[in-house]
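In what follows, a single structure is set out as structure tokens and then discussed.
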Amino acid sequence: MKVIGPLLAMVLAALAGSTVTEQQLRDAQMDPATWLTYGKNYLGWRYSELTEINTRTVSRLVPRWIFQTGFVGTNETTPLVFGGMMFVTGPSNSAAALDLLTGKQIWGYHKAGPSGLDLCCGQPNRGFAALGDKLFKANIEGTLVSLDARSGGVLWEREVADYKQGFTMTGAPLVVKNKVLVGIAGAEFGTRGFIDAYDAATGERVWRFYTVPAKGEPGGETWEGESWERGGGSTWITGTYDPDLNLVYWGTGNPGPGMDGDGRSGDNLYTCSLVAVDADTGKLRWHYQFTPHDTHDWDAVADPVLIDIVVKRQKIKAVVQANRNGFFYALDRTNGKLLTAAPYTKIDWTTGIGTDSRPVIVSGKEPSEQGTRACPGLGGGHNWSATSYSLDTRLFYFGSTDGCELFYRHKQEFHQGQWFQASTNSSFPDEPSTGAVVAVDPATGKTMWRYEMLERSSAGMLATGGGLVFTGDSQGYLIALDSRTGKPLWHFQTGGKMNAPPITYNLNGKQQVAVAAGASVMTFVLAN
Amino acid sequence: MGTWWYTACRGGRDVTLSDLDIARARPYPRYLYCRFAILALALAHTQAHDNPFVGDPKAADGGGAVFRQYCVPCHGIYGKGGRGPDLTRGIYTAGDKNSDLFRVISNGVPGTEMAGFASDIREEDIWRVVSYIRSIARRDAAGITGDRANGEMVFWVKGGCGACHAVGTRGGRLGPDLTRTGEQRSRAYLRESVLEPSKDISPGYATITIIKRDGAKLIGVERGFDDFSAQLMDASGNYYSFLKSDVRSANREMHSLMPDNYGSVFNSAEIDDLLAYLMSLRMAEATR
């Protein structure tokens with residue numbers, strides 16, 4: 001994709017009104033004045049060609065406005081930007097539309113969740129999707145709601161799954177054509193995961209793809225007895241879309257119960273996998289399972305990022321992922337064939353990936369009653385936070401947790417709607433895990449640089465044409481790194497823990513950086 | 001002492017599971033034996049808010065799963081304590097009724113590291129955790145050996161522990177405040193902390209070493225440490241803050257500044273006495 005000219009940019013900016021068309025979503029990378037979908041473009045790059053804020057000027061970056069959401073909790077939103085407004089979701093079923101110029105709230109949305117919610121991980125939300133003048137948002141109790149982007153008024157709301165069974169929803173939806181695709185959380189409660197597609201206009205369900213096949217279906221033989229019924233395979237992070245192949249790529253979570261694999265012998269397809277499904281029908285085209293029969297909670301939900309890489313002088317349409325099991329993977333996205341698998345952190349559960357594309361398992365790493373040490377720890381590796389691919393450097397950026405943990409297994413009886421992980425993990429106090437930003441060459445899997453941090457961070461990545469990678473650390477610093485070297489060039493203490501990825505866009509010809517931190521959303525510009 | 005009612009209601013001693021069994025056998029709840037109407041009112045609320053799973057053995061299993069999800073980092077995989085109190089002793093310092101345990105799990109204990117989980121765990125599962133905690137309480141609650149009064153002397157005189165540790169309004173501020181340590185830490189953990197202070201460092205009490213650009217070295221207890229700055233307090237109680245970019249090096253080491261030779265300074269009887277003193281440090285001590 002070429003860097004766009006200033007004239008074209010102005011034309012596109014003028015065209016970008018208060019509605020979002022299907023074509024605009026396809027061309028999202030071309031418009032630097034908007035941020036229209038979770039991953040910036042359908043391919044999940046989180047890359048902007050904007051160069052005003054760059055390695056030389058970033059030292060002049062200062063806050064422009066700060067919006068206090070009023071909702072305490074983990075703020076994981078990727079803001080959407082179009083039509084002069086920024087659309088942010090917050091924890092506990094909250095959301096707001098903000099004036100891009102001043103940060104003032106134009107409208108707010110809040111729906112009290114039901115009492116009696118059983119949650120694995122709080123009530124975060126990772127953002128809106130948009131089509132036309134409609135916004136789409138997951139609510140924590142397992143509903144999908146459509147809001148009028150101009151007023152925040154509720155257009156429709158549909159139950160996707162029953163929270164009483166343990167289902168919840170936290171991910172940003174993905175709009176493909178006239179459909180709204182959503183994933184689900186709840187593998188820790190003995191649920192059966194799926195990806196759903198809803199009609200954007202009416203909210204009617206169009207298709208459902210179960211990430212765990214039923215008995216008798218292809219893949220059903222990888223589950224013991226009736227264990228598939230509570231097989232997990234959550235889909236709690238937004239997938240990506242290749243318009244040319246008309247395929248949607250979505251990562252799946254752990255099998256259930258997470259730590260006790262005894263009652264579910266077999267590979268447990270399609271958990272801890274990447275699935276490619278037809279965008280129109282939801283039919284499975286191919287799958288690749290990163291961690292067969294997982295017992296360490298190594299979800300494979302991280303962003304599946306679609307890039308073209310050159311392997312042996314041949315250009316290949318690839319999908320890459322920093323997996324929680326400690327490997328960076330590149331697959332051929334037309335057929336799911338493994339291209340590259342390379343560790344980016346300490347790994348002791350496998351000696352490597354065999355010629356059959358399966359990991360060669362080290363015995364004795366299964367969770368146990370007294371605790372079994374394994375690396376990486378339960379959270380990975382790279383967990384869920386947003387990743388980024390830079391057209392400028394051709395590098396792939398993601399956060400990593402580096403360390404080991406103890407994994408426990410205790411027998412547990414299944415009761416619907418109750419926590420069903422069959423035990424837990426614990427860390428080593430004298431061996432704390434650390435965090436890092438990792439830059440990987442996606443063609444080779446080679447780590448090109450690492451920026452070490454004291455602790456793991458869930459703030460995602462943003463790469464820019466200005467030679468920068470923006471991210472945050474667990475202590476509230478928004479940080480700009482040199483995308484070629486990893487050298488920190490600028491930082492700002494936001495005053496709140498950062499669990500959200502920064503975004504960037506042009507406003508009136510001036511580049512802005514926006515990010516959620518703590519209970520606020522803030523923007524930055526270059527000081528004059 | 002300002003908490004006489006507290007002691008009176010508890011019979012003036014620590015409550016064990018066998019006490020609770022006795023309490024259950026009484027025709028009226030324990031608090032009706034107390035003197036204050038306000039407590040009776042509180043109890044009336046409690047009575048309406050008791051564990052719906054009493055007598056249901058499956059509840060403890062379910063609660064164990066939830067316990068392992070949320071409570072293990074501080075209370076240990078089997079609830080035997082660590083940084084958090086040992087829950088197997090059957091001694092619950094924030095109240096010994098089921099409703100007290102429910103309240104503590106829901107709301108946390110202000111001023112301690114015990115967080116509230118009301119927004120993370122639904123009500124019925126908090127009750128299941130209460131059932132689990134009851135199920136792991138040992139009936140032979142570990143007795144405290146050692147002479148508390150002598151332990152107090154060991155702490156303040158021979159050990160000079162008060163130079164760095166506060167109990168109530170007395171003592172230093174460099175090390176962790178021990179005012180309520182008897183209810184916050186397990187006995188085994190306190191023993192380990194006395195003999196091997198670096199084995200598990202309370203969050204925020206690591207050692208910070210700064211080497212300034214002129215080569216001057218500064219060592220103190222962590223008051224803050226992040227990717228770009230470091231804050232510390234030296235042995236004299238002076239506070240310092242540095243940007244890492246302004247100094248030659250700023251390092252945090254996960255070891256304690258506390259001397260690690262108390263195993264040879266104290267004899268074993270003195271250590272038992274000291275532990276008896278430390279285990280006696282509870283809320284009541286703070287208001288003396």
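Letters for chains follow the order of the structure tokens (A, B, ...), residue numbers begin at 1 for each chain, and ligand numbers begin at 1 in the order shown.
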
Return the neighbours of chain B among the residues of chain A, cut-off 10 Å, counting only C-alpha atoms, as a PDB file with N, CA and C atoms, in the first residue's frame.
ATOM      1  N   SER A 115     -27.363  -8.194  38.228  1.00  0.00           N
ATOM      2  CA  SER A 115     -26.640  -8.669  39.406  1.00  0.00           C
ATOM      3  C   SER A 115     -26.410 -10.166  39.232  1.00  0.00           C
ATOM      4  N   GLY A 116     -25.464 -10.688  39.955  1.00  0.00           N
ATOM      5  CA  GLY A 116     -25.210 -12.126  39.858  1.00  0.00           C
ATOM      6  C   GLY A 116     -24.350 -12.519  38.677  1.00  0.00           C
ATOM      7  N   LEU A 117     -23.650 -11.556  38.106  1.00  0.00           N
ATOM      8  CA  LEU A 117     -22.718 -11.883  37.023  1.00  0.00           C
ATOM      9  C   LEU A 117     -21.493 -12.572  37.612  1.00  0.00           C
ATOM     10  N   ASP A 118     -21.116 -13.687  37.048  1.00  0.00           N
ATOM     11  CA  ASP A 118     -19.884 -14.339  37.475  1.00  0.00           C
ATOM     12  C   ASP A 118     -18.863 -14.096  36.376  1.00  0.00           C
ATOM     13  N   LEU A 119     -17.762 -13.475  36.733  1.00  0.00           N
ATOM     14  CA  LEU A 119     -16.833 -13.017  35.707  1.00  0.00           C
ATOM     15  C   LEU A 119     -15.444 -13.559  35.957  1.00  0.00           C
ATOM     16  N   CYS A 120     -14.769 -13.819  34.872  1.00  0.00           N
ATOM     17  CA  CYS A 120     -13.387 -14.261  35.056  1.00  0.00           C
ATOM     18  C   CYS A 120     -12.495 -13.087  35.301  1.00  0.00           C
ATOM     19  N   CYS A 121     -12.797 -11.905  34.690  1.00  0.00           N
ATOM     20  CA  CYS A 121     -11.750 -10.894  34.603  1.00  0.00           C
ATOM     21  C   CYS A 121     -12.297  -9.476  34.597  1.00  0.00           C
ATOM     22  N   GLY A 122     -13.271  -9.218  35.451  1.00  0.00           N
ATOM     23  CA  GLY A 122     -13.804  -7.866  35.520  1.00  0.00           C
ATOM     24  C   GLY A 122     -14.788  -7.588  34.398  1.00  0.00           C
ATOM     25  N   GLN A 123     -15.087  -6.302  34.178  1.00  0.00           N
ATOM     26  CA  GLN A 123     -16.081  -5.917  33.174  1.00  0.00           C
ATOM     27  C   GLN A 123     -15.487  -4.980  32.126  1.00  0.00           C
ATOM     28  N   GLU A 369      -1.224 -31.535  41.464  1.00  0.00           N
ATOM     29  CA  GLU A 369      -1.765 -31.098  42.761  1.00  0.00           C
ATOM     30  C   GLU A 369      -0.751 -30.277  43.539  1.00  0.00           C
ATOM     31  N   GLN A 370       0.498 -30.671  43.454  1.00  0.00           N
ATOM     32  CA  GLN A 370       1.532 -29.938  44.206  1.00  0.00           C
ATOM     33  C   GLN A 370       2.094 -28.753  43.421  1.00  0.00           C
ATOM     34  N   GLY A 371       1.691 -28.619  42.173  1.00  0.00           N
ATOM     35  CA  GLY A 371       2.162 -27.499  41.356  1.00  0.00           C
ATOM     36  C   GLY A 371       3.307 -27.923  40.455  1.00  0.00           C
ATOM     37  N   TYR A 408      -1.369 -25.613  38.885  1.00  0.00           N
ATOM     38  CA  TYR A 408      -1.991 -26.595  39.761  1.00  0.00           C
ATOM     39  C   TYR A 408      -3.185 -27.251  39.075  1.00  0.00           C
ATOM     40  N   HIS A 410      -6.635 -29.514  40.329  1.00  0.00           N
ATOM     41  CA  HIS A 410      -7.461 -30.133  41.364  1.00  0.00           C
ATOM     42  C   HIS A 410      -8.762 -30.571  40.719  1.00  0.00           C
ATOM     43  N   LYS A 411      -9.174 -31.765  41.046  1.00  0.00           N
ATOM     44  CA  LYS A 411     -10.426 -32.283  40.467  1.00  0.00           C
ATOM     45  C   LYS A 411     -11.581 -31.377  40.843  1.00  0.00           C
ATOM     46  N   GLN A 412     -12.448 -31.180  39.900  1.00  0.00           N
ATOM     47  CA  GLN A 412     -13.586 -30.299  40.164  1.00  0.00           C
ATOM     48  C   GLN A 412     -14.813 -30.816  39.450  1.00  0.00           C
ATOM     49  N   GLU A 413     -15.942 -30.756  40.135  1.00  0.00           N
ATOM     50  CA  GLU A 413     -17.201 -31.176  39.544  1.00  0.00           C
ATOM     51  C   GLU A 413     -17.795 -30.010  38.768  1.00  0.00           C
ATOM     52  N   PHE A 414     -18.423 -30.310  37.646  1.00  0.00           N
ATOM     53  CA  PHE A 414     -19.017 -29.234  36.841  1.00  0.00           C
ATOM     54  C   PHE A 414     -20.406 -28.877  37.350  1.00  0.00           C
ATOM     55  N   HIS A 415     -20.621 -27.595  37.574  1.00  0.00           N
ATOM     56  CA  HIS A 415     -21.961 -27.082  37.868  1.00  0.00           C
ATOM     57  C   HIS A 415     -22.189 -25.905  36.939  1.00  0.00           C
ATOM     58  N   GLN A 418     -20.879 -22.073  37.039  1.00  0.00           N
ATOM     59  CA  GLN A 418     -19.840 -21.875  38.049  1.00  0.00           C
ATOM     60  C   GLN A 418     -18.444 -21.995  37.435  1.00  0.00           C
ATOM     61  N   TRP A 419     -17.511 -21.290  38.050  1.00  0.00           N
ATOM     62  CA  TRP A 419     -16.112 -21.334  37.658  1.00  0.00           C
ATOM     63  C   TRP A 419     -15.657 -22.785  37.537  1.00  0.00           C
ATOM     64  N   PHE A 420     -15.058 -23.131  36.401  1.00  0.00           N
ATOM     65  CA  PHE A 420     -14.726 -24.537  36.133  1.00  0.00           C
ATOM     66  C   PHE A 420     -13.368 -24.584  35.446  1.00  0.00           C
ATOM     67  N   GLN A 421     -12.334 -24.258  36.205  1.00  0.00           N
ATOM     68  CA  GLN A 421     -10.985 -24.279  35.635  1.00  0.00           C
ATOM     69  C   GLN A 421     -10.195 -25.471  36.152  1.00  0.00           C
ATOM     70  N   ALA A 422     -10.712 -26.092  37.232  1.00  0.00           N
ATOM     71  CA  ALA A 422     -10.072 -27.261  37.848  1.00  0.00           C
ATOM     72  C   ALA A 422      -8.662 -26.954  38.323  1.00  0.00           C
ATOM     73  N   SER A 423      -8.493 -25.763  38.778  1.00  0.00           N
ATOM     74  CA  SER A 423      -7.350 -25.274  39.560  1.00  0.00           C
ATOM     75  C   SER A 423      -6.730 -24.030  38.960  1.00  0.00           C
ATOM     76  N   THR A 424      -5.483 -23.771  39.272  1.00  0.00           N
ATOM     77  CA  THR A 424      -5.021 -22.393  39.118  1.00  0.00           C
ATOM     78  C   THR A 424      -3.521 -22.327  38.882  1.00  0.00           C
ATOM     79  N   ASN A 425      -3.007 -21.126  39.004  1.00  0.00           N
ATOM     80  CA  ASN A 425      -1.569 -20.887  38.839  1.00  0.00           C
ATOM     81  C   ASN A 425      -1.080 -20.034  39.996  1.00  0.00           C
ATOM     82  N   SER A 426       0.211 -20.026  40.219  1.00  0.00           N
ATOM     83  CA  SER A 426       0.779 -19.042  41.145  1.00  0.00           C
ATOM     84  C   SER A 426       2.181 -18.702  40.681  1.00  0.00           C
ATOM     85  N   SER A 427       2.594 -17.503  41.054  1.00  0.00           N
ATOM     86  CA  SER A 427       3.894 -17.035  40.592  1.00  0.00           C
ATOM     87  C   SER A 427       4.962 -17.308  41.651  1.00  0.00           C
ATOM     88  N   PHE A 428       6.198 -17.091  41.291  1.00  0.00           N
ATOM     89  CA  PHE A 428       7.308 -17.257  42.218  1.00  0.00           C
ATOM     90  C   PHE A 428       7.693 -15.873  42.746  1.00  0.00           C
ATOM     91  N   PRO A 429       7.504 -15.620  44.065  1.00  0.00           N
ATOM     92  CA  PRO A 429       7.773 -14.281  44.587  1.00  0.00           C
ATOM     93  C   PRO A 429       9.216 -13.832  44.352  1.00  0.00           C
ATOM     94  N   ASP A 430      10.141 -14.770  44.405  1.00  0.00           N
ATOM     95  CA  ASP A 430      11.546 -14.377  44.249  1.00  0.00           C
ATOM     96  C   ASP A 430      11.987 -14.416  42.783  1.00  0.00           C
ATOM     97  N   GLU A 431      11.028 -14.644  41.892  1.00  0.00           N
ATOM     98  CA  GLU A 431      11.357 -14.719  40.475  1.00  0.00           C
ATOM     99  C   GLU A 431      10.237 -14.036  39.682  1.00  0.00           C
ATOM    100  N   PRO A 432      10.057 -12.746  39.929  1.00  0.00           N
ATOM    101  CA  PRO A 432       8.911 -12.075  39.295  1.00  0.00           C
ATOM    102  C   PRO A 432       9.050 -12.035  37.772  1.00  0.00           C
ATOM    103  N   GLU A 452      12.787  -3.699  27.365  1.00  0.00           N
ATOM    104  CA  GLU A 452      12.462  -4.379  28.620  1.00  0.00           C
ATOM    105  C   GLU A 452      11.704  -3.450  29.562  1.00  0.00           C
ATOM    106  N   MET A 453      10.709  -4.001  30.251  1.00  0.00           N
ATOM    107  CA  MET A 453       9.952  -3.257  31.246  1.00  0.00           C
ATOM    108  C   MET A 453       9.937  -4.053  32.551  1.00  0.00           C
ATOM    109  N   LEU A 454       9.682  -3.337  33.657  1.00  0.00           N
ATOM    110  CA  LEU A 454       9.715  -4.003  34.951  1.00  0.00           C
ATOM    111  C   LEU A 454       8.637  -5.070  35.064  1.00  0.00           C
ATOM    112  N   GLU A 455       7.467  -4.751  34.496  1.00  0.00           N
ATOM    113  CA  GLU A 455       6.329  -5.661  34.627  1.00  0.00           C
ATOM    114  C   GLU A 455       5.656  -5.824  33.273  1.00  0.00           C
ATOM    115  N   ASP A 473       3.047   1.263  29.761  1.00  0.00           N
ATOM    116  CA  ASP A 473       3.483   0.231  30.701  1.00  0.00           C
ATOM    117  C   ASP A 473       2.466   0.093  31.828  1.00  0.00           C
ATOM    118  N   SER A 474       2.705  -0.847  32.712  1.00  0.00           N
ATOM    119  CA  SER A 474       1.716  -1.148  33.742  1.00  0.00           C
ATOM    120  C   SER A 474       1.662  -0.059  34.801  1.00  0.00           C
ATOM    121  N   GLN A 475       2.611   0.866  34.770  1.00  0.00           N
ATOM    122  CA  GLN A 475       2.659   1.890  35.806  1.00  0.00           C
ATOM    123  C   GLN A 475       2.106   3.218  35.313  1.00  0.00           C
ATOM    124  N   GLY A 476       1.463   3.222  34.174  1.00  0.00           N
ATOM    125  CA  GLY A 476       0.779   4.432  33.720  1.00  0.00           C
ATOM    126  C   GLY A 476       1.542   5.295  32.747  1.00  0.00           C
ATOM    127  N   TYR A 477       2.703   4.857  32.319  1.00  0.00           N
ATOM    128  CA  TYR A 477       3.455   5.661  31.347  1.00  0.00           C
ATOM    129  C   TYR A 477       3.006   5.348  29.926  1.00  0.00           C
ATOM    130  N   HIS A 491       8.136   9.796  27.051  1.00  0.00           N
ATOM    131  CA  HIS A 491       7.143   9.145  27.905  1.00  0.00           C
ATOM    132  C   HIS A 491       6.361  10.189  28.674  1.00  0.00           C
ATOM    133  N   PHE A 492       5.178   9.805  29.113  1.00  0.00           N
ATOM    134  CA  PHE A 492       4.294  10.699  29.847  1.00  0.00           C
ATOM    135  C   PHE A 492       3.538   9.871  30.879  1.00  0.00           C
ATOM    136  N   GLN A 493       3.527  10.342  32.119  1.00  0.00           N
ATOM    137  CA  GLN A 493       2.802   9.632  33.181  1.00  0.00           C
ATOM    138  C   GLN A 493       1.328  10.034  33.108  1.00  0.00           C
TER     139      GLN A 493
END

**OP:** Please identify which residues in stretch 107-181 of chain A DSSP calls strand (DSSP E or B) from the backbone, and express them as a PyMOL selection string.
**Re:** chain A and resi 107-110+129-132+134-139+143-148+154-159+168+174-176+179-181

Could you dump the residues just selected with N, CA and C atoms as an mmCIF file, in the first residue's frame?
data_model
loop_
_atom_site.group_PDB
_atom_site.id
_atom_site.type_symbol
_atom_site.label_atom_id
_atom_site.label_comp_id
_atom_site.auth_asym_id
_atom_site.auth_seq_id
_atom_site.Cartn_x
_atom_site.Cartn_y
_atom_site.Cartn_z
ATOM 1 N N TRP A 107 -22.565 12.624 23.883
ATOM 2 C CA TRP A 107 -23.591 11.791 24.516
ATOM 3 C C TRP A 107 -22.911 10.663 25.304
ATOM 4 N N GLY A 108 -23.664 10.112 26.233
ATOM 5 C CA GLY A 108 -23.144 9.002 27.040
ATOM 6 C C GLY A 108 -24.113 7.845 27.017
ATOM 7 N N TYR A 109 -23.602 6.659 27.262
ATOM 8 C CA TYR A 109 -24.428 5.450 27.313
ATOM 9 C C TYR A 109 -24.018 4.664 28.545
ATOM 10 N N HIS A 110 -24.997 4.190 29.273
ATOM 11 C CA HIS A 110 -24.706 3.280 30.377
ATOM 12 C C HIS A 110 -25.892 2.375 30.604
ATOM 13 N N ALA A 129 -17.733 -1.146 17.038
ATOM 14 C CA ALA A 129 -17.594 -1.256 15.588
ATOM 15 C C ALA A 129 -18.618 -0.300 14.998
ATOM 16 N N ALA A 130 -18.436 0.095 13.732
ATOM 17 C CA ALA A 130 -19.336 1.078 13.130
ATOM 18 C C ALA A 130 -19.698 0.684 11.707
ATOM 19 N N LEU A 131 -20.943 1.002 11.319
ATOM 20 C CA LEU A 131 -21.384 0.885 9.929
ATOM 21 C C LEU A 131 -22.542 1.853 9.729
ATOM 22 N N GLY A 132 -22.481 2.635 8.640
ATOM 23 C CA GLY A 132 -23.519 3.637 8.429
ATOM 24 C C GLY A 132 -23.498 4.634 9.580
ATOM 25 N N LYS A 134 -24.559 3.735 12.514
ATOM 26 C CA LYS A 134 -24.765 2.866 13.682
ATOM 27 C C LYS A 134 -23.437 2.457 14.313
ATOM 28 N N LEU A 135 -23.486 2.336 15.635
ATOM 29 C CA LEU A 135 -22.360 1.763 16.382
ATOM 30 C C LEU A 135 -22.816 0.428 16.960
ATOM 31 N N PHE A 136 -21.877 -0.465 17.166
ATOM 32 C CA PHE A 136 -22.182 -1.787 17.710
ATOM 33 C C PHE A 136 -21.238 -2.066 18.866
ATOM 34 N N LYS A 137 -21.805 -2.584 19.922
ATOM 35 C CA LYS A 137 -21.020 -2.779 21.140
ATOM 36 C C LYS A 137 -21.500 -4.025 21.871
ATOM 37 N N ALA A 138 -20.549 -4.765 22.408
ATOM 38 C CA ALA A 138 -20.887 -5.911 23.249
ATOM 39 C C ALA A 138 -21.168 -5.411 24.657
ATOM 40 N N ASN A 139 -22.191 -5.929 25.290
ATOM 41 C CA ASN A 139 -22.398 -5.670 26.712
ATOM 42 C C ASN A 139 -21.985 -6.898 27.508
ATOM 43 N N THR A 143 -24.915 -9.480 25.563
ATOM 44 C CA THR A 143 -25.798 -8.924 24.534
ATOM 45 C C THR A 143 -24.978 -8.067 23.577
ATOM 46 N N LEU A 144 -25.530 -7.915 22.367
ATOM 47 C CA LEU A 144 -24.958 -7.024 21.361
ATOM 48 C C LEU A 144 -25.939 -5.875 21.185
ATOM 49 N N VAL A 145 -25.451 -4.645 21.344
ATOM 50 C CA VAL A 145 -26.340 -3.493 21.264
ATOM 51 C C VAL A 145 -25.899 -2.607 20.101
ATOM 52 N N SER A 146 -26.884 -2.034 19.406
ATOM 53 C CA SER A 146 -26.608 -1.075 18.346
ATOM 54 C C SER A 146 -27.069 0.303 18.801
ATOM 55 N N LEU A 147 -26.176 1.290 18.678
ATOM 56 C CA LEU A 147 -26.491 2.656 19.093
ATOM 57 C C LEU A 147 -26.462 3.573 17.880
ATOM 58 N N ASP A 148 -27.287 4.611 17.926
ATOM 59 C CA ASP A 148 -27.238 5.667 16.921
ATOM 60 C C ASP A 148 -25.992 6.505 17.205
ATOM 61 N N VAL A 154 -30.457 3.759 21.692
ATOM 62 C CA VAL A 154 -30.391 2.325 21.425
ATOM 63 C C VAL A 154 -31.304 1.983 20.254
ATOM 64 N N LEU A 155 -30.745 1.357 19.219
ATOM 65 C CA LEU A 155 -31.526 0.961 18.049
ATOM 66 C C LEU A 155 -32.043 -0.462 18.196
ATOM 67 N N TRP A 156 -31.206 -1.353 18.640
ATOM 68 C CA TRP A 156 -31.635 -2.707 18.969
ATOM 69 C C TRP A 156 -30.624 -3.343 19.916
ATOM 70 N N GLU A 157 -31.059 -4.364 20.619
ATOM 71 C CA GLU A 157 -30.159 -5.109 21.496
ATOM 72 C C GLU A 157 -30.577 -6.574 21.455
ATOM 73 N N ARG A 158 -29.617 -7.460 21.231
ATOM 74 C CA ARG A 158 -29.909 -8.888 21.098
ATOM 75 C C ARG A 158 -29.081 -9.694 22.098
ATOM 76 N N GLU A 159 -29.724 -10.711 22.667
ATOM 77 C CA GLU A 159 -28.952 -11.621 23.513
ATOM 78 C C GLU A 159 -28.133 -12.539 22.615
ATOM 79 N N THR A 168 -19.925 -14.245 28.830
ATOM 80 C CA THR A 168 -19.872 -12.783 28.889
ATOM 81 C C THR A 168 -19.297 -12.288 27.566
ATOM 82 N N LEU A 174 -16.783 -6.860 14.935
ATOM 83 C CA LEU A 174 -16.136 -6.628 13.636
ATOM 84 C C LEU A 174 -17.229 -6.558 12.579
ATOM 85 N N VAL A 175 -17.309 -5.423 11.884
ATOM 86 C CA VAL A 175 -18.295 -5.294 10.812
ATOM 87 C C VAL A 175 -17.685 -5.804 9.511
ATOM 88 N N VAL A 176 -18.362 -6.769 8.871
ATOM 89 C CA VAL A 176 -17.958 -7.265 7.565
ATOM 90 C C VAL A 176 -19.182 -7.217 6.659
ATOM 91 N N LYS A 179 -22.791 -7.310 8.044
ATOM 92 C CA LYS A 179 -22.906 -8.148 9.239
ATOM 93 C C LYS A 179 -22.014 -7.637 10.365
ATOM 94 N N VAL A 180 -22.442 -7.940 11.581
ATOM 95 C CA VAL A 180 -21.663 -7.599 12.765
ATOM 96 C C VAL A 180 -21.213 -8.907 13.404
ATOM 97 N N LEU A 181 -19.901 -9.134 13.434
ATOM 98 C CA LEU A 181 -19.368 -10.380 13.977
ATOM 99 C C LEU A 181 -18.905 -10.160 15.411
#

**OP:** Take atom CA of A:Thr444 and atom CA of A:Lys317 and report the distance between them in Å, one decimal.
**Re:** 14.4 Å

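Closest approach to A:Ala463 from the set A:Ala322, A:Ala386, A:Ile309, A:Ile353 is made by A:Ala386, with distances taken over only C-alpha atoms.
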
Subject >> Spatial neighbours of B:Ala149, max dist 8 Å, only C-alpha atoms, sep filter under 3 positions, as a list in words >> reply: Glu152, Met153, Asp273 and Tyr277 of chain B

With a distance cut-off of 8 Å and only C-alpha atoms, select the neighbouring residues of A:Ala33, excluding the residue or stretch itself and same-chain residues fewer than 5 positions from it, and output the selection as a PDB file with N, CA and C atoms, in the first residue's frame.
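As written to disk, around15.pdb reads:
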ATOM      1  N   ALA A  13     -10.798  12.991   3.623  1.00  0.00           N
ATOM      2  CA  ALA A  13     -11.247  13.568   4.885  1.00  0.00           C
ATOM      3  C   ALA A  13     -12.590  14.262   4.700  1.00  0.00           C
ATOM      4  N   VAL A  81     -12.831   6.878  15.508  1.00  0.00           N
ATOM      5  CA  VAL A  81     -12.826   8.305  15.181  1.00  0.00           C
ATOM      6  C   VAL A  81     -13.421   8.506  13.798  1.00  0.00           C
ATOM      7  N   PHE A  82     -14.529   9.236  13.740  1.00  0.00           N
ATOM      8  CA  PHE A  82     -15.096   9.679  12.452  1.00  0.00           C
ATOM      9  C   PHE A  82     -16.168  10.723  12.738  1.00  0.00           C
ATOM     10  N   TYR A 505      -4.642   9.838  14.592  1.00  0.00           N
ATOM     11  CA  TYR A 505      -5.466  10.334  13.483  1.00  0.00           C
ATOM     12  C   TYR A 505      -5.135  11.802  13.291  1.00  0.00           C
ATOM     13  N   ASN A 506      -5.516  12.315  12.151  1.00  0.00           N
ATOM     14  CA  ASN A 506      -5.340  13.747  11.863  1.00  0.00           C
ATOM     15  C   ASN A 506      -6.611  14.496  12.217  1.00  0.00           C
ATOM     16  N   LEU A 507      -6.480  15.639  12.857  1.00  0.00           N
ATOM     17  CA  LEU A 507      -7.611  16.525  13.076  1.00  0.00           C
ATOM     18  C   LEU A 507      -7.213  17.908  12.576  1.00  0.00           C
TER      19      LEU A 507
END

Subject >> Close residues, A:Tyr42 itself excluded, 8 Å, only C-alpha atoms, min 2 positions apart in chain, as number ranges by chain >> reply: A: 25-26, 28, 37, 39-40, 44-45, 240-242
